[in-house]
$ cat run-v6.cif   # mmCIF, C-alpha atoms
data_start
loop_
_atom_site.label_atom_id
_atom_site.label_comp_id
_atom_site.auth_asym_id
_atom_site.auth_seq_id
_atom_site.Cartn_x
_atom_site.Cartn_y
_atom_site.Cartn_z
CA MET A 1 -47.60 12.26 52.43
CA ARG A 2 -47.65 8.66 53.49
CA GLY A 3 -48.79 6.05 51.05
CA ALA A 4 -51.79 3.85 51.63
CA GLY A 5 -51.57 0.92 53.95
CA ASP A 6 -53.50 -2.26 53.46
CA ALA A 7 -57.18 -1.45 53.20
CA PRO A 8 -59.04 -2.81 56.22
CA SER A 9 -61.62 -5.51 55.62
CA GLU A 10 -65.24 -4.53 55.89
CA ALA A 11 -66.28 -4.48 59.53
CA PRO A 12 -69.71 -5.47 60.84
CA LEU A 13 -72.05 -2.52 60.97
CA VAL A 14 -73.08 -1.25 64.38
CA SER A 15 -76.39 0.24 65.39
CA PRO A 16 -76.62 4.00 65.84
CA VAL A 17 -75.89 5.17 69.38
CA ARG A 18 -78.93 6.75 71.03
CA PRO A 19 -77.81 8.27 74.34
CA PRO A 20 -79.64 10.76 76.54
CA LEU A 21 -78.71 14.42 76.11
CA ARG A 22 -76.90 14.44 79.44
CA GLY A 23 -74.43 11.85 78.15
CA LEU A 24 -73.32 13.60 74.99
CA LEU A 25 -69.93 15.05 75.80
CA LYS A 26 -66.85 15.09 77.94
CA ILE A 27 -64.93 18.32 78.30
CA ARG A 28 -62.17 19.42 80.64
CA GLY A 29 -60.87 22.96 80.69
CA SER A 30 -60.63 24.65 77.32
CA CYS A 31 -59.88 21.45 75.37
CA TRP A 32 -61.83 18.36 74.39
CA GLY A 33 -60.36 16.39 77.28
CA GLN A 34 -59.18 12.81 77.30
CA ALA A 35 -61.78 10.85 75.38
CA ASP A 36 -62.90 7.26 75.83
CA TYR A 37 -63.28 6.61 72.12
CA ASN A 38 -64.99 3.28 72.71
CA ARG A 39 -67.82 4.74 74.79
CA PRO A 40 -68.96 8.02 73.22
CA ALA A 41 -72.50 7.57 74.49
CA THR A 42 -71.47 7.30 78.14
CA ALA A 43 -69.20 10.33 78.23
CA VAL A 44 -69.36 12.55 81.30
CA ALA A 45 -72.26 15.00 81.15
CA LEU A 46 -72.04 18.72 80.67
CA ARG A 47 -74.60 19.27 83.43
CA ARG A 48 -74.40 22.57 85.32
CA SER A 49 -72.01 24.04 82.74
CA LYS A 50 -72.64 27.14 80.68
CA LEU A 51 -72.17 25.14 77.50
CA ALA A 52 -74.77 22.59 78.60
CA ARG A 53 -77.31 25.35 79.10
CA ALA A 54 -76.44 26.84 75.72
CA LEU A 55 -76.84 23.46 74.02
CA ALA A 56 -80.16 22.85 75.75
CA ALA A 57 -81.44 26.28 74.77
CA ALA A 58 -80.35 25.78 71.17
CA HIS A 59 -82.02 22.36 71.09
CA SER A 60 -85.24 23.85 72.42
CA ALA A 61 -85.15 26.65 69.85
CA ARG A 62 -84.58 24.24 66.97
CA GLY A 63 -87.26 21.77 68.00
CA CYS A 64 -86.93 18.01 68.35
CA SER A 65 -88.54 17.31 64.99
CA ARG A 66 -85.75 18.98 63.04
CA GLY A 67 -82.17 17.97 62.40
CA ALA A 68 -82.25 15.33 59.68
CA PRO A 69 -83.70 14.90 56.21
CA ALA A 70 -86.98 13.02 56.01
CA GLN A 71 -85.64 10.08 54.01
CA THR A 72 -82.73 7.72 54.41
CA ARG A 73 -81.79 5.41 51.56
CA GLU A 74 -79.30 2.65 50.89
CA GLY A 75 -76.94 2.88 47.93
CA GLY A 76 -74.88 0.14 46.31
CA PRO A 77 -71.28 -0.87 47.10
CA MET A 78 -68.48 0.81 45.22
CA GLY A 79 -64.72 1.18 45.18
CA SER A 80 -61.64 1.19 43.04
CA THR A 81 -60.57 -2.44 43.24
CA GLY A 82 -61.81 -5.90 44.14
CA SER A 83 -65.03 -7.72 43.43
CA ALA A 84 -68.62 -7.20 44.44
CA SER A 85 -68.38 -10.06 46.90
CA ASP A 86 -65.67 -8.38 48.97
CA GLY A 87 -67.41 -5.00 49.03
CA ASN A 88 -64.59 -3.24 47.21
CA SER A 89 -65.94 -2.76 43.71
CA MET A 90 -68.19 -0.34 41.89
CA SER A 91 -71.71 -1.63 41.80
CA GLY A 92 -73.31 -2.17 38.43
CA THR A 93 -76.19 0.10 39.44
CA ALA A 94 -76.33 3.65 40.69
CA GLY A 95 -77.82 2.52 43.99
CA ALA A 96 -81.30 2.56 45.44
CA ALA A 97 -81.47 6.32 45.77
CA GLY A 98 -80.94 6.87 42.09
CA GLU A 99 -83.49 4.25 41.00
CA GLY A 100 -80.84 3.14 38.48
CA ALA A 101 -81.09 6.26 36.31
CA PRO A 102 -80.75 10.03 36.57
CA GLY A 103 -83.91 12.06 36.95
CA THR A 104 -85.22 15.53 37.59
CA GLY A 105 -86.95 17.23 40.45
CA ARG A 106 -86.23 18.16 44.04
CA ALA A 107 -84.16 16.03 46.41
CA ASP A 108 -83.49 16.24 50.15
CA TYR A 109 -82.44 12.92 51.62
CA GLU A 110 -79.67 10.91 53.24
CA GLU A 111 -78.14 7.83 51.71
CA TRP A 112 -75.78 5.10 52.88
CA VAL A 113 -73.10 4.05 50.39
CA THR A 114 -70.22 1.60 50.73
CA LEU A 115 -66.89 3.07 49.68
CA ASN A 116 -64.00 0.61 49.48
CA GLY A 117 -65.61 -1.66 52.03
CA ASP A 118 -66.65 1.08 54.47
CA ARG A 119 -70.29 2.13 54.91
CA GLN A 120 -70.56 5.92 54.80
CA ASN A 121 -73.34 8.50 54.93
CA ILE A 122 -74.04 11.17 52.34
CA ALA A 123 -76.84 13.71 52.02
CA VAL A 124 -78.26 15.25 48.85
CA LEU A 125 -79.98 18.64 48.56
CA SER A 126 -81.22 19.96 45.21
CA GLU A 127 -84.12 21.76 43.58
CA ASP A 128 -83.40 19.79 40.41
CA VAL A 129 -81.10 16.77 40.42
CA SER A 130 -80.35 17.22 36.73
CA ASN A 131 -78.24 20.25 37.70
CA PRO A 132 -74.43 20.03 38.07
CA VAL A 133 -73.23 18.30 41.24
CA ILE A 134 -71.03 19.90 43.92
CA LEU A 135 -69.41 17.45 46.36
CA PHE A 136 -68.41 19.09 49.66
CA VAL A 137 -65.33 17.49 51.23
CA HIS A 138 -65.23 18.50 54.89
CA GLY A 139 -62.34 19.37 57.17
CA GLY A 140 -60.89 17.85 60.31
CA PRO A 141 -60.03 15.05 60.02
CA GLY A 142 -63.45 14.23 61.41
CA ILE A 143 -65.08 17.68 61.45
CA CYS A 144 -68.15 17.19 59.27
CA ASP A 145 -69.87 20.33 58.04
CA ARG A 146 -73.15 19.42 56.35
CA HIS A 147 -75.12 21.28 59.04
CA TRP A 148 -73.61 24.68 58.43
CA VAL A 149 -73.13 24.28 54.68
CA ARG A 150 -76.86 23.51 54.47
CA HIS A 151 -77.62 26.42 56.78
CA TYR A 152 -75.56 29.05 54.96
CA GLN A 153 -75.42 27.81 51.36
CA SER A 154 -78.77 26.10 50.68
CA GLY A 155 -79.39 28.78 48.03
CA LEU A 156 -76.87 27.01 45.81
CA ALA A 157 -79.30 24.08 45.63
CA LYS A 158 -81.45 26.10 43.23
CA ASP A 159 -78.93 25.66 40.41
CA TYR A 160 -76.73 22.82 41.71
CA THR A 161 -77.10 19.44 43.34
CA LEU A 162 -75.28 19.62 46.68
CA VAL A 163 -73.79 16.45 48.15
CA PHE A 164 -72.52 16.35 51.74
CA TRP A 165 -70.24 13.46 52.68
CA ASP A 166 -69.46 12.24 56.19
CA GLN A 167 -66.08 10.66 55.53
CA ARG A 168 -64.73 7.37 56.84
CA GLY A 169 -64.94 7.37 60.65
CA SER A 170 -66.56 10.82 60.76
CA GLY A 171 -69.96 12.07 61.90
CA LYS A 172 -72.76 9.69 60.95
CA SER A 173 -70.20 7.39 59.32
CA TYR A 174 -68.37 6.79 62.62
CA THR A 175 -68.19 3.26 64.02
CA LYS A 176 -65.72 1.62 66.38
CA ALA A 177 -64.32 -0.25 63.36
CA VAL A 178 -62.33 2.85 62.38
CA LYS A 179 -59.97 2.12 65.28
CA GLN A 180 -59.01 -1.34 64.04
CA SER A 181 -56.12 0.33 62.21
CA VAL A 182 -54.88 3.87 61.74
CA PRO A 183 -56.72 5.27 58.72
CA GLN A 184 -54.46 6.41 55.90
CA VAL A 185 -54.78 9.59 53.85
CA GLU A 186 -54.72 7.44 50.72
CA GLN A 187 -57.86 5.63 51.88
CA TYR A 188 -59.73 8.93 51.95
CA ILE A 189 -58.50 9.85 48.48
CA GLN A 190 -59.70 6.50 47.15
CA ASP A 191 -63.01 6.83 49.00
CA ALA A 192 -63.46 10.24 47.37
CA LYS A 193 -62.65 8.81 43.94
CA ALA A 194 -65.19 6.03 44.41
CA LEU A 195 -67.81 8.52 45.56
CA VAL A 196 -67.15 10.85 42.61
CA GLU A 197 -67.57 7.95 40.19
CA TYR A 198 -70.76 6.89 41.93
CA LEU A 199 -72.23 10.40 41.79
CA CYS A 200 -71.35 10.75 38.10
CA GLU A 201 -73.19 7.50 37.38
CA LYS A 202 -76.08 8.23 39.72
CA PHE A 203 -76.83 11.67 38.29
CA GLY A 204 -75.87 10.92 34.70
CA GLN A 205 -72.97 13.37 34.55
CA ASP A 206 -69.47 13.03 33.15
CA LYS A 207 -67.89 15.31 35.76
CA ILE A 208 -68.73 16.95 39.08
CA VAL A 209 -67.39 19.89 41.08
CA VAL A 210 -65.30 19.21 44.20
CA ALA A 211 -65.31 21.77 47.03
CA GLY A 212 -62.67 21.08 49.69
CA HIS A 213 -62.31 22.80 53.05
CA SER A 214 -59.19 22.56 55.25
CA TRP A 215 -58.43 18.82 55.68
CA GLY A 216 -60.80 18.39 52.73
CA THR A 217 -58.17 20.12 50.57
CA VAL A 218 -55.62 17.48 51.61
CA ILE A 219 -57.98 15.00 49.96
CA GLY A 220 -59.13 17.32 47.20
CA VAL A 221 -55.81 18.31 45.64
CA PRO A 222 -54.52 14.77 44.92
CA LEU A 223 -58.05 13.72 43.90
CA VAL A 224 -58.18 16.46 41.29
CA GLN A 225 -54.55 15.93 40.28
CA ARG A 226 -54.93 12.20 39.62
CA TYR A 227 -58.49 11.97 38.31
CA PRO A 228 -59.27 15.15 36.34
CA GLN A 229 -61.44 13.13 33.96
CA HIS A 230 -64.13 13.08 36.66
CA ILE A 231 -63.73 16.65 37.98
CA ALA A 232 -65.27 19.72 36.35
CA ALA A 233 -63.71 22.24 38.75
CA TYR A 234 -62.08 22.53 42.18
CA ILE A 235 -63.21 25.03 44.82
CA SER A 236 -60.86 25.57 47.75
CA GLN A 237 -61.15 27.26 51.12
CA GLY A 238 -58.77 26.89 54.02
CA GLN A 239 -56.26 25.41 51.59
CA VAL A 240 -53.55 23.30 53.21
CA VAL A 241 -50.25 23.75 51.36
CA ASN A 242 -47.29 22.83 53.58
CA GLY A 243 -48.04 21.04 56.84
CA PRO A 244 -45.01 22.01 58.97
CA GLU A 245 -45.07 25.65 57.82
CA ASN A 246 -48.81 25.75 58.36
CA GLU A 247 -48.47 24.78 62.01
CA ARG A 248 -45.44 26.97 62.67
CA ILE A 249 -47.23 30.11 61.48
CA SER A 250 -50.46 29.16 63.25
CA TYR A 251 -48.70 28.47 66.55
CA GLU A 252 -46.67 31.69 66.39
CA PHE A 253 -49.85 33.68 65.74
CA CYS A 254 -51.49 32.23 68.86
CA LEU A 255 -48.48 32.83 71.09
CA ARG A 256 -48.10 36.38 69.78
CA GLU A 257 -51.77 37.19 70.38
CA ALA A 258 -51.75 35.61 73.83
CA LYS A 259 -48.74 37.70 74.87
CA ALA A 260 -50.30 40.88 73.47
CA ALA A 261 -53.45 40.16 75.48
CA GLY A 262 -51.56 39.25 78.65
CA ASP A 263 -53.31 35.88 78.66
CA GLU A 264 -51.10 34.03 81.14
CA LYS A 265 -53.16 30.85 81.02
CA ALA A 266 -52.84 30.62 77.24
CA ILE A 267 -49.15 31.51 77.34
CA ALA A 268 -48.50 28.74 79.85
CA ALA A 269 -50.38 26.23 77.69
CA LEU A 270 -48.53 27.25 74.53
CA GLU A 271 -44.92 27.88 75.57
CA GLY A 272 -42.80 24.78 75.28
CA ASN A 273 -45.62 22.93 73.52
CA GLY A 274 -45.13 24.09 69.96
CA PRO A 275 -45.14 21.81 66.92
CA VAL A 276 -42.06 20.02 65.62
CA GLU A 277 -42.39 19.42 61.88
CA GLY A 278 -46.10 20.16 62.31
CA VAL A 279 -46.71 17.66 65.10
CA TYR A 280 -47.54 18.81 68.63
CA PRO A 281 -46.09 16.99 71.66
CA SER A 282 -49.56 15.81 72.72
CA ALA A 283 -53.20 15.92 71.71
CA LYS A 284 -53.80 18.22 74.67
CA ALA A 285 -51.16 20.67 73.40
CA MET A 286 -52.69 20.74 69.94
CA ARG A 287 -56.20 21.32 71.25
CA ALA A 288 -54.94 24.10 73.50
CA GLN A 289 -53.42 25.79 70.46
CA ARG A 290 -56.63 25.34 68.46
CA ASP A 291 -58.68 26.75 71.33
CA CYS A 292 -56.47 29.85 71.38
CA LEU A 293 -56.72 30.06 67.61
CA VAL A 294 -60.52 30.28 67.87
CA ARG A 295 -60.49 32.74 70.77
CA TYR A 296 -58.12 35.11 68.94
CA GLY A 297 -60.05 35.11 65.65
CA GLY A 298 -57.67 33.03 63.55
CA SER A 299 -60.24 30.33 62.89
CA ASP A 300 -63.52 32.27 62.81
CA TYR A 301 -63.09 36.03 62.75
CA HIS A 302 -66.40 36.61 64.53
CA ASP A 303 -67.09 33.56 66.71
CA ARG A 304 -64.38 33.65 69.38
CA SER A 305 -66.19 31.46 71.89
CA GLY A 306 -63.51 28.77 72.05
CA LEU A 307 -62.91 25.45 70.32
CA VAL A 308 -65.65 23.40 71.96
CA PRO A 309 -68.64 25.77 71.77
CA SER A 310 -67.71 26.93 68.26
CA LEU A 311 -67.96 23.33 67.06
CA LEU A 312 -70.79 21.92 69.14
CA ILE A 313 -73.39 24.65 69.42
CA PRO A 314 -73.92 24.81 65.62
CA LEU A 315 -74.44 21.03 65.62
CA VAL A 316 -77.45 21.51 67.88
CA LYS A 317 -78.80 24.74 66.42
CA MET A 318 -78.67 23.79 62.74
CA GLU A 319 -80.27 21.04 60.70
CA GLY A 320 -78.25 18.05 59.61
CA TYR A 321 -77.56 16.03 62.76
CA LYS A 322 -79.77 14.62 65.49
CA LEU A 323 -78.74 14.96 69.11
CA THR A 324 -78.09 11.22 69.05
CA ASP A 325 -75.53 11.74 66.26
CA ILE A 326 -73.37 14.09 68.33
CA PRO A 327 -71.53 11.43 70.41
CA LYS A 328 -70.42 9.74 67.19
CA TYR A 329 -69.39 13.10 65.74
CA VAL A 330 -67.29 13.89 68.82
CA ALA A 331 -65.74 10.42 69.00
CA GLY A 332 -64.73 10.50 65.34
CA ALA A 333 -63.31 14.01 65.54
CA LEU A 334 -61.27 13.21 68.64
CA TYR A 335 -59.86 9.96 67.35
CA LEU A 336 -59.07 10.97 63.78
CA SER A 337 -57.52 14.32 64.66
CA ASP A 338 -55.19 12.53 67.07
CA VAL A 339 -54.07 9.48 65.11
CA MET A 340 -54.01 10.97 61.61
CA TRP A 341 -52.33 14.30 62.33
CA PRO A 342 -48.75 13.15 61.60
CA GLN A 343 -49.94 12.12 58.12
CA VAL A 344 -51.91 15.31 57.54
CA VAL A 345 -48.91 17.56 58.10
CA GLU A 346 -46.72 15.56 55.73
CA CYS A 347 -48.38 17.24 52.76
CA ASP A 348 -46.27 19.67 50.73
CA TYR A 349 -48.20 20.81 47.69
CA ASP A 350 -45.56 23.40 46.85
CA ALA A 351 -43.50 20.41 45.76
CA SER A 352 -46.06 17.77 44.78
CA ALA A 353 -48.93 19.75 43.24
CA ARG A 354 -47.60 22.55 41.08
CA ALA A 355 -50.20 21.96 38.37
CA LEU A 356 -53.82 20.78 38.24
CA GLY A 357 -55.81 19.84 35.17
CA VAL A 358 -59.08 21.59 36.08
CA PRO A 359 -60.25 25.17 36.74
CA VAL A 360 -59.64 26.32 40.32
CA LEU A 361 -61.41 28.83 42.54
CA MET A 362 -59.55 29.65 45.75
CA THR A 363 -61.56 31.44 48.45
CA VAL A 364 -59.31 32.87 51.15
CA GLY A 365 -60.09 34.50 54.49
CA ARG A 366 -57.85 37.50 55.14
CA HIS A 367 -57.52 36.50 58.83
CA ASP A 368 -57.03 32.74 58.40
CA TYR A 369 -54.30 31.43 60.69
CA ASN A 370 -55.67 27.90 60.82
CA THR A 371 -54.39 27.36 57.29
CA PRO A 372 -52.41 30.59 56.90
CA PHE A 373 -53.56 32.76 54.04
CA GLU A 374 -50.02 33.67 52.95
CA LEU A 375 -49.18 30.04 52.15
CA ALA A 376 -52.36 29.64 50.11
CA GLU A 377 -51.70 32.87 48.22
CA ALA A 378 -48.13 31.88 47.34
CA TRP A 379 -49.17 28.40 46.15
CA PHE A 380 -52.01 29.80 44.07
CA SER A 381 -49.80 32.39 42.38
CA SER A 382 -47.52 29.70 40.94
CA LEU A 383 -50.19 27.05 40.32
CA GLU A 384 -50.55 26.02 36.67
CA VAL A 385 -54.18 25.34 35.74
CA PRO A 386 -56.46 25.86 32.72
CA TYR A 387 -58.21 28.71 34.54
CA LYS A 388 -58.00 30.09 38.07
CA GLU A 389 -59.51 32.76 40.29
CA ILE A 390 -58.75 33.86 43.83
CA VAL A 391 -61.35 35.70 45.91
CA TRP A 392 -60.38 37.37 49.18
CA PHE A 393 -62.74 37.67 52.14
CA ASP A 394 -61.68 40.59 54.30
CA ASP A 395 -64.12 39.80 57.11
CA SER A 396 -63.31 36.08 57.38
CA ALA A 397 -60.72 33.71 58.71
CA HIS A 398 -60.81 29.95 58.02
CA SER A 399 -64.39 29.52 56.75
CA PRO A 400 -65.66 32.25 54.40
CA ILE A 401 -68.45 29.86 53.42
CA LYS A 402 -70.16 30.71 56.72
CA GLU A 403 -68.40 33.90 57.82
CA GLU A 404 -69.34 35.79 54.64
CA PRO A 405 -71.89 33.37 53.19
CA GLU A 406 -73.57 35.64 50.66
CA LYS A 407 -70.29 36.75 49.13
CA TRP A 408 -68.98 33.17 49.08
CA GLY A 409 -72.11 31.89 47.36
CA ARG A 410 -71.95 34.65 44.74
CA ALA A 411 -68.27 33.93 44.08
CA VAL A 412 -68.98 30.23 43.56
CA GLU A 413 -71.92 30.87 41.26
CA ALA A 414 -69.96 33.38 39.16
CA PHE A 415 -66.99 31.01 38.85
CA LEU A 416 -69.06 27.95 37.96
CA GLU A 417 -71.03 29.87 35.35
CA LYS A 418 -67.72 30.38 33.53
CA VAL A 419 -66.29 26.87 33.77
CA VAL A 420 -69.11 24.30 34.11
CA GLN A 421 -71.12 23.19 31.12
CA ARG A 422 -74.80 22.42 31.62
#

$ encode --input "run-v6.cif" --output "structure tokens"
Amino acid sequence: MRGAGDAPSEAPLVSPVRPPLRGLLKIRGSCWGQADYNRPATAVALRRSKLARALAAAHSARGCSRGAPAQTREGGPMGSTGSASDGNSMSGTAGAAGEGAPGTGRADYEEWVTLNGDRQNIAVLSEDVSNPVILFVHGGPGICDRHWVRHYQSGLAKDYTLVFWDQRGSGKSYTKAVKQSVPQVEQYIQDAKALVEYLCEKFGQDKIVVAGHSWGTVIGVPLVQRYPQHIAAYISQGQVVNGPENERISYEFCLREAKAAGDEKAIAALEGNGPVEGVYPSAKAMRAQRDCLVRYGGSDYHDRSGLVPSLLIPLVKMEGYKLTDIPKYVAGALYLSDVMWPQVVECDYDASARALGVPVLMTVGRHDYNTPFELAEAWFSSLEVPYKEIVWFDDSAHSPIKEEPEKWGRAVEAFLEKVVQR
């Protein structure tokens, strides 16, 4: 994995984009298309398309009043180095949302925090904020998941304080400033560290639980490995282990399934466009492979609608994001998945993470070919940890948290009851 580059200086904040619905997206064929990252709000409309009608119907069913928590708050600056004046240090207070001290009672709000000079959005959901904290670290890069984690796993908020984080350049945290330099994996690890420290202080806890999904495991493993003093336990799903092997197996699955189905269009898109050391020859080639992965059940075993609808329709149907947030979500996902991918696939945790200092729960979909299950199983079997469990989900692929939500929630609760002190 590449080391960190120079941390970018704090960029001026920009106002939220508020486009009309017709200007949300730009899609060509079965892929995202060629994006104008600088103008997400003026992207070509989806008018007259089936997906546009589906989005409109979902929006109507949800109702315009839903989609975001009632409160938005501003937290203090934090980070691992620097001084308060440069925006890169841990604030002396827990931030406005915490009123300077931990409390009790229900919470459902958004909060802006500054992590290593970058203003980022988090959301908190809890029936009692004195309960242990679970920080969800989303996939991508750039594919935030607070909407469907809230939708499928809100029951966990009865006994835990759930924190959803839109990472640097992702979702509600997206601004054009992210393109001033190519973000580095190390920046995300340090952002996560700063956020963990902030949450420990804010909620008066020594340690919190980290739950990583897909790209979130690329952040989560080194976070847990380096800073176990802040981590009570690590929950993994869609575990990335070896980037080049990951993409080789995933690509071969798609090509094999396309040939078995006689899908000439998919075969043409895939053949000659496979990954070399995990990197595809173009963004278009990678998105074509990911679209096939969805349509053949290797990403979600049940939703085989294709890459675009599988990502966008839940954004509209579920609470967590306003329609005006979606252009930022799309712009961040497009940009980060393109420019950061060579770094993402450099990870090799078979070599660099053979031991972790905290209890580990690995949740694995039996049909996962996004982050192939066999790599996760092999890594887990040799992983040295104080305590570990693996739970298989026979009716899931990449995201058991939403494909088999009741079973996933029960597995998490049972694991945490064993390893987390209250």

$ closest_residue --input "run-v6.cif" --among "A:Val210, A:Val412, A:Ala331, A:Cys347" --to "A:Lys193" --atoms "only C-alpha atoms"
A:Val210

$ atom_distance --input "run-v6.cif" --atom1 "atom CA of A:Phe164" --atom2 "atom CA of A:Glu201"
16.9 Å

$ axis_aligned_box --input "run-v6.cif" --around "stretch 372-382 of chain A" --padding-each-side "3 Å" --output "lines of an AutoDock Vina configuration file"
center_x = -50.5
center_y = 31.0
center_z = 48.9
size_x = 12.0
size_y = 11.3
size_z = 22.0

$ residues_around --input "run-v6.cif" --residues "A:Arg168" --least-positions-apart "3" --cutoff "9 Å" --atoms "only C-alpha atoms" --output "PyMOL selection string"
chain A and resi 115+118-121+142+171+173-175+178+183+187-188+191

$ residues_around --input "run-v6.cif" --residues "A:Val345" --least-positions-apart "6" --cutoff "12 Å" --atoms "all atoms listed in the file" --output "list in words"
Met1, Arg2, Pro141, Val185, Ser214, Trp215, Val218, Val240, Val241, Asn242, Gly243, Pro244, Glu245, Asn246, Glu247, Arg248, Pro275, Val276, Glu277, Gly278, Val279, Tyr280, Ser337, Val339 and Thr371 of chain A

$ write_last_selection --input "run-v6.cif" --atoms "C-alpha atoms" --output "PDB file, in the frame of the given file"
ATOM      1  CA  MET A   1     -47.600  12.260  52.430  1.00  0.00           C
ATOM      2  CA  ARG A   2     -47.650   8.660  53.490  1.00  0.00           C
ATOM      3  CA  PRO A 141     -60.030  15.050  60.020  1.00  0.00           C
ATOM      4  CA  VAL A 185     -54.780   9.590  53.850  1.00  0.00           C
ATOM      5  CA  SER A 214     -59.190  22.560  55.250  1.00  0.00           C
ATOM      6  CA  TRP A 215     -58.430  18.820  55.680  1.00  0.00           C
ATOM      7  CA  VAL A 218     -55.620  17.480  51.610  1.00  0.00           C
ATOM      8  CA  VAL A 240     -53.550  23.300  53.210  1.00  0.00           C
ATOM      9  CA  VAL A 241     -50.250  23.750  51.360  1.00  0.00           C
ATOM     10  CA  ASN A 242     -47.290  22.830  53.580  1.00  0.00           C
ATOM     11  CA  GLY A 243     -48.040  21.040  56.840  1.00  0.00           C
ATOM     12  CA  PRO A 244     -45.010  22.010  58.970  1.00  0.00           C
ATOM     13  CA  GLU A 245     -45.070  25.650  57.820  1.00  0.00           C
ATOM     14  CA  ASN A 246     -48.810  25.750  58.360  1.00  0.00           C
ATOM     15  CA  GLU A 247     -48.470  24.780  62.010  1.00  0.00           C
ATOM     16  CA  ARG A 248     -45.440  26.970  62.670  1.00  0.00           C
ATOM     17  CA  PRO A 275     -45.140  21.810  66.920  1.00  0.00           C
ATOM     18  CA  VAL A 276     -42.060  20.020  65.620  1.00  0.00           C
ATOM     19  CA  GLU A 277     -42.390  19.420  61.880  1.00  0.00           C
ATOM     20  CA  GLY A 278     -46.100  20.160  62.310  1.00  0.00           C
ATOM     21  CA  VAL A 279     -46.710  17.660  65.100  1.00  0.00           C
ATOM     22  CA  TYR A 280     -47.540  18.810  68.630  1.00  0.00           C
ATOM     23  CA  SER A 337     -57.520  14.320  64.660  1.00  0.00           C
ATOM     24  CA  VAL A 339     -54.070   9.480  65.110  1.00  0.00           C
ATOM     25  CA  THR A 371     -54.390  27.360  57.290  1.00  0.00           C
TER      26      THR A 371
END

$ closest_residue --input "run-v6.cif" --among "A:Ser310, A:Gln237, A:Gln167, A:Ser282" --to "A:Ala269" --atoms "only C-alpha atoms"
A:Ser282

$ atom_distance --input "run-v6.cif" --atom1 "atom CA of A:Ile143" --atom2 "atom CA of A:Lys176"
16.8 Å

$ atom_distance --input "run-v6.cif" --atom1 "atom CA of A:Leu125" --atom2 "atom CA of A:Arg106"
7.7 Å

$ resolve_selection --input "run-v6.cif" --expression "the PyMOL selection byres ((chain A and resi 377) around 10)" --output "list in words"
Gln239, Val241, Met362, Thr363, Val364, Pro372, Phe373, Glu374, Leu375, Ala376, Ala378, Trp379, Phe380, Ser381, Ser382, Leu383, Ile390 and Trp392 of chain A

$ residues_around --input "run-v6.cif" --residues "stretch 398-407 of chain A" --least-positions-apart "2" --cutoff "7 Å" --atoms "all atoms listed in the file" --output "list in words"
Tyr152, Gln153, Gln237, Gly238, Ser299, Asp300, Gly365, Asp368, Asn370, Thr371, Phe393, Ser396, Gly409, Arg410 and Ala411 of chain A

$ closest_residue --input "run-v6.cif" --among "A:Lys179, A:His213, A:Lys322, A:Arg73" --to "A:Phe136" --atoms "all atoms listed in the file"
A:His213

$ closest_residue --input "run-v6.cif" --among "A:Leu156, A:Tyr321, A:Leu336, A:Leu255" --to "A:Ala283" --atoms "only C-alpha atoms"
A:Leu336

$ closest_residue --input "run-v6.cif" --among "A:Val391, A:Ser236, A:Tyr251, A:Asn116" --to "A:Ala192" --atoms "only C-alpha atoms"
A:Asn116

$ resolve_selection --input "run-v6.cif" --expression "the PyMOL selection byres ((chain A and resi 315) around 10)" --output "ChimeraX atom specification"
/A:55,58-59,67,144-148,309-314,316-323,325-326,329

$ write_last_selection --input "run-v6.cif" --atoms "C-alpha atoms" --output "PDB file, in the frame of the given file"
ATOM      1  CA  LEU A  55     -76.840  23.460  74.020  1.00  0.00           C
ATOM      2  CA  ALA A  58     -80.350  25.780  71.170  1.00  0.00           C
ATOM      3  CA  HIS A  59     -82.020  22.360  71.090  1.00  0.00           C
ATOM      4  CA  GLY A  67     -82.170  17.970  62.400  1.00  0.00           C
ATOM      5  CA  CYS A 144     -68.150  17.190  59.270  1.00  0.00           C
ATOM      6  CA  ASP A 145     -69.870  20.330  58.040  1.00  0.00           C
ATOM      7  CA  ARG A 146     -73.150  19.420  56.350  1.00  0.00           C
ATOM      8  CA  HIS A 147     -75.120  21.280  59.040  1.00  0.00           C
ATOM      9  CA  TRP A 148     -73.610  24.680  58.430  1.00  0.00           C
ATOM     10  CA  PRO A 309     -68.640  25.770  71.770  1.00  0.00           C
ATOM     11  CA  SER A 310     -67.710  26.930  68.260  1.00  0.00           C
ATOM     12  CA  LEU A 311     -67.960  23.330  67.060  1.00  0.00           C
ATOM     13  CA  LEU A 312     -70.790  21.920  69.140  1.00  0.00           C
ATOM     14  CA  ILE A 313     -73.390  24.650  69.420  1.00  0.00           C
ATOM     15  CA  PRO A 314     -73.920  24.810  65.620  1.00  0.00           C
ATOM     16  CA  VAL A 316     -77.450  21.510  67.880  1.00  0.00           C
ATOM     17  CA  LYS A 317     -78.800  24.740  66.420  1.00  0.00           C
ATOM     18  CA  MET A 318     -78.670  23.790  62.740  1.00  0.00           C
ATOM     19  CA  GLU A 319     -80.270  21.040  60.700  1.00  0.00           C
ATOM     20  CA  GLY A 320     -78.250  18.050  59.610  1.00  0.00           C
ATOM     21  CA  TYR A 321     -77.560  16.030  62.760  1.00  0.00           C
ATOM     22  CA  LYS A 322     -79.770  14.620  65.490  1.00  0.00           C
ATOM     23  CA  LEU A 323     -78.740  14.960  69.110  1.00  0.00           C
ATOM     24  CA  ASP A 325     -75.530  11.740  66.260  1.00  0.00           C
ATOM     25  CA  ILE A 326     -73.370  14.090  68.330  1.00  0.00           C
ATOM     26  CA  TYR A 329     -69.390  13.100  65.740  1.00  0.00           C
TER      27      TYR A 329
END
